[in-house]
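Enquirer: Dropping the structure in here first, questions after.
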Amino acid sequence: CDFSLCGDDDTWNVAKCPFTTFAGGSCGGFCFAGDNMVTLADGTPTKMKDLKIGDDVVVDEHGNYGKIYSFGHSLPDFKPEYTEIHSKASPSLILSDDHMVFVEKDGERAAVRADNIKMGDKLVSTSSDFVVSHTSKTKKHSGAYAPFTTDGTIVVNGVLSSCYVAMEKSDKLFGLISHQSVAHLFESPHRLYCQYLSDCTQETYNADGISDWVAIPHEYASWVMKESIWTQILVIAPAVILLSFFSLLEGMIGVVTVMPRMLFSVFSLLAF
C-alpha cells in the first residue's frame, strides 16, 4: 500500500490520504471492521474482533446458526478504508468495497458488492427494515476480519452478509453465475478439511493476515479475472468441474451424518 501521502494526523481524511496500492487499487482487503457486531448461537452479541474459530454464529435472518471454520482474513492492527452502509432504522455496516451483502428486490435476493450498494436498496436483515439511506468512506475503524461459516453467510450488525468477496463489479460471473455461488464452491475443499479432517484452530496466516488456505487461490483468481474472457473460461471450467466433486462429496457426507439423527428422532416419536 502507498502511504506516501499520509501523515500521522490525516489518516482519517480519505480525500487527503488516498488509501490505495501503488497500482491504484484499493487497500481495503476483503473483510469487516473489528467493531461490527455478530450474534452467537446463544444470543450473545459479540464484536467481530472477538470471534474465534469454532464459534457458532447466526447466519441468516431467521436466527439459524452455523460454525466458523476459518478466517479468510484476520489482521487486528490493520486500519483500512472501509465502505460504511447507513440506514436510518439500523446500525450502519462497515466492510470492504468488494465484500458482498444481500439485497432484496421483488421478493428475490442477490449478493451485491458493497461498492455497488445505492440509496434505496433494501438489505436482507433480521429487522426487515434496513433501507440504505447513503454510503460513505471511513478510516475510523480498526481490524480486518473475514470469518468463514459453513453456510457461507453471516449476520453482521443485523444484515445478512456474505462471507466472501466478488472478484469483479458485475452482478454475476460471465453474466450467469452469482459470485456467492462461485466463492462457496471454491471453498468446498477447505470446508471439507476443517469439518471432517481437522478443527483448523491452528490456522496460519501470511504477513497480510490472509489465511494460507485462501492466499494462493485468491491470487490465482485475481490473475484470472484480469485475463481475456476466453482465458477465464479455459482456466475456470476445469476448476469448477474438480470443485464440483468436492461439493458433491461434502453434500453426501452431510447426508450420511444427518440421516442417523433423523432416524433416531423418528423412532423416538414412534416409541411414544
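Letters A, B, ... mark the chains of the C-alpha cells in the order given; residue numbers begin at 1 per chain; ligand numbers begin at 1, in order shown.
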From a backbone DSSP assignment, name each residue in segment 38-230 of chain A labelled strand (DSSP E or B), as a PyMOL selection string.
Expert: chain A and resi 38-40+45-47+56-58+65-75+82-87+90-95+99-105+108-113+122-123+125+130-138+144-149+153-156+159-165+172-173+177-178+205+210-211
Enquirer: Name the residues of segment 48-208 of chain A that fall into alpha helix (DSSP H) according to DSSP on the backbone, using the chain letters and numbers of this document, as a PyMOL selection string.
Expert: chain A and resi 179-186+188-192
Enquirer: For a quick check of understanding, using only C-alpha atoms, which of A:Thr138, A:Thr149, A:Thr46, A:Asn116 has the smallest distance to Ile68 of chain A?
Expert: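 Ranked by minimum distance to Ile68 of chain A, first place goes to A:Thr149.
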Enquirer: List as number ranges by chain the protein and nucleic acid residues near Asp60 of chain A, meaning an atom at most 7 Å away when only C-alpha atoms are counted, but skip any in the same chain fewer than 6 places from it.
Expert: A: 154-155, 160
Enquirer: Neighbouring residues of segment 215-218 of chain A were defined as those with any atom within 10 Å, considering only C-alpha atoms; residues of the same chain fewer than 2 positions away were excluded. Please report them as an MDAnalysis selection string.
Expert: chainID A and resid 72:73 167 186:187 205:206 208:213 220:224
Enquirer: Go ahead and save the residues from that selection, with C-alpha atoms, as a CSV table (one decimal), in the first residue's frame.
Expert:
```
chain,number,residue,atom,x,y,z
A,72,GLY,CA,-10.1,-15.8,5.3
A,73,HIS,CA,-8.6,-12.6,6.7
A,167,MET,CA,-13.8,-10.6,-7.7
A,186,PHE,CA,-14.3,-22.8,-4.4
A,187,GLU,CA,-14.3,-23.0,-0.6
A,205,TYR,CA,-1.8,-16.6,8.0
A,206,ASN,CA,0.6,-14.7,5.8
A,208,ASP,CA,-1.1,-9.6,5.2
A,209,GLY,CA,-3.3,-11.6,7.6
A,210,ILE,CA,-4.7,-13.8,4.9
A,211,SER,CA,-5.3,-17.4,5.6
A,212,ASP,CA,-2.7,-19.7,3.9
A,213,TRP,CA,-5.7,-21.7,2.7
A,220,TYR,CA,-5.0,-17.2,-8.7
A,221,ALA,CA,-8.5,-15.8,-9.0
A,222,SER,CA,-7.2,-12.2,-9.1
A,223,TRP,CA,-4.9,-13.1,-12.0
A,224,VAL,CA,-7.6,-15.0,-13.9
```
Enquirer: Considering only C-alpha atoms, can you say which of A:Glu219, A:Val182, A:Ser142, A:Val58 comes closest to Asp77 of chain A?
Expert: A:Ser142
Enquirer: Determine, counting only C-alpha atoms, which protein, DNA and RNA residues have an atom within 9 Å of an atom of Pro189 of chain A; residues of the same chain fewer than 6 positions away are not included. Present the result as a PDB file with C-alpha atoms, in the first residue's frame.
Expert:
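out.pdb, written as the output of this step:
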```pdb
ATOM      1  CA  LEU A 243     -14.533 -28.423  -7.229  1.00  0.00           C
ATOM      2  CA  PHE A 246     -15.669 -31.762  -3.578  1.00  0.00           C
ATOM      3  CA  SER A 247     -19.050 -30.051  -3.260  1.00  0.00           C
ATOM      4  CA  GLU A 250     -19.484 -32.540   1.038  1.00  0.00           C
TER       5      GLU A 250
END
```
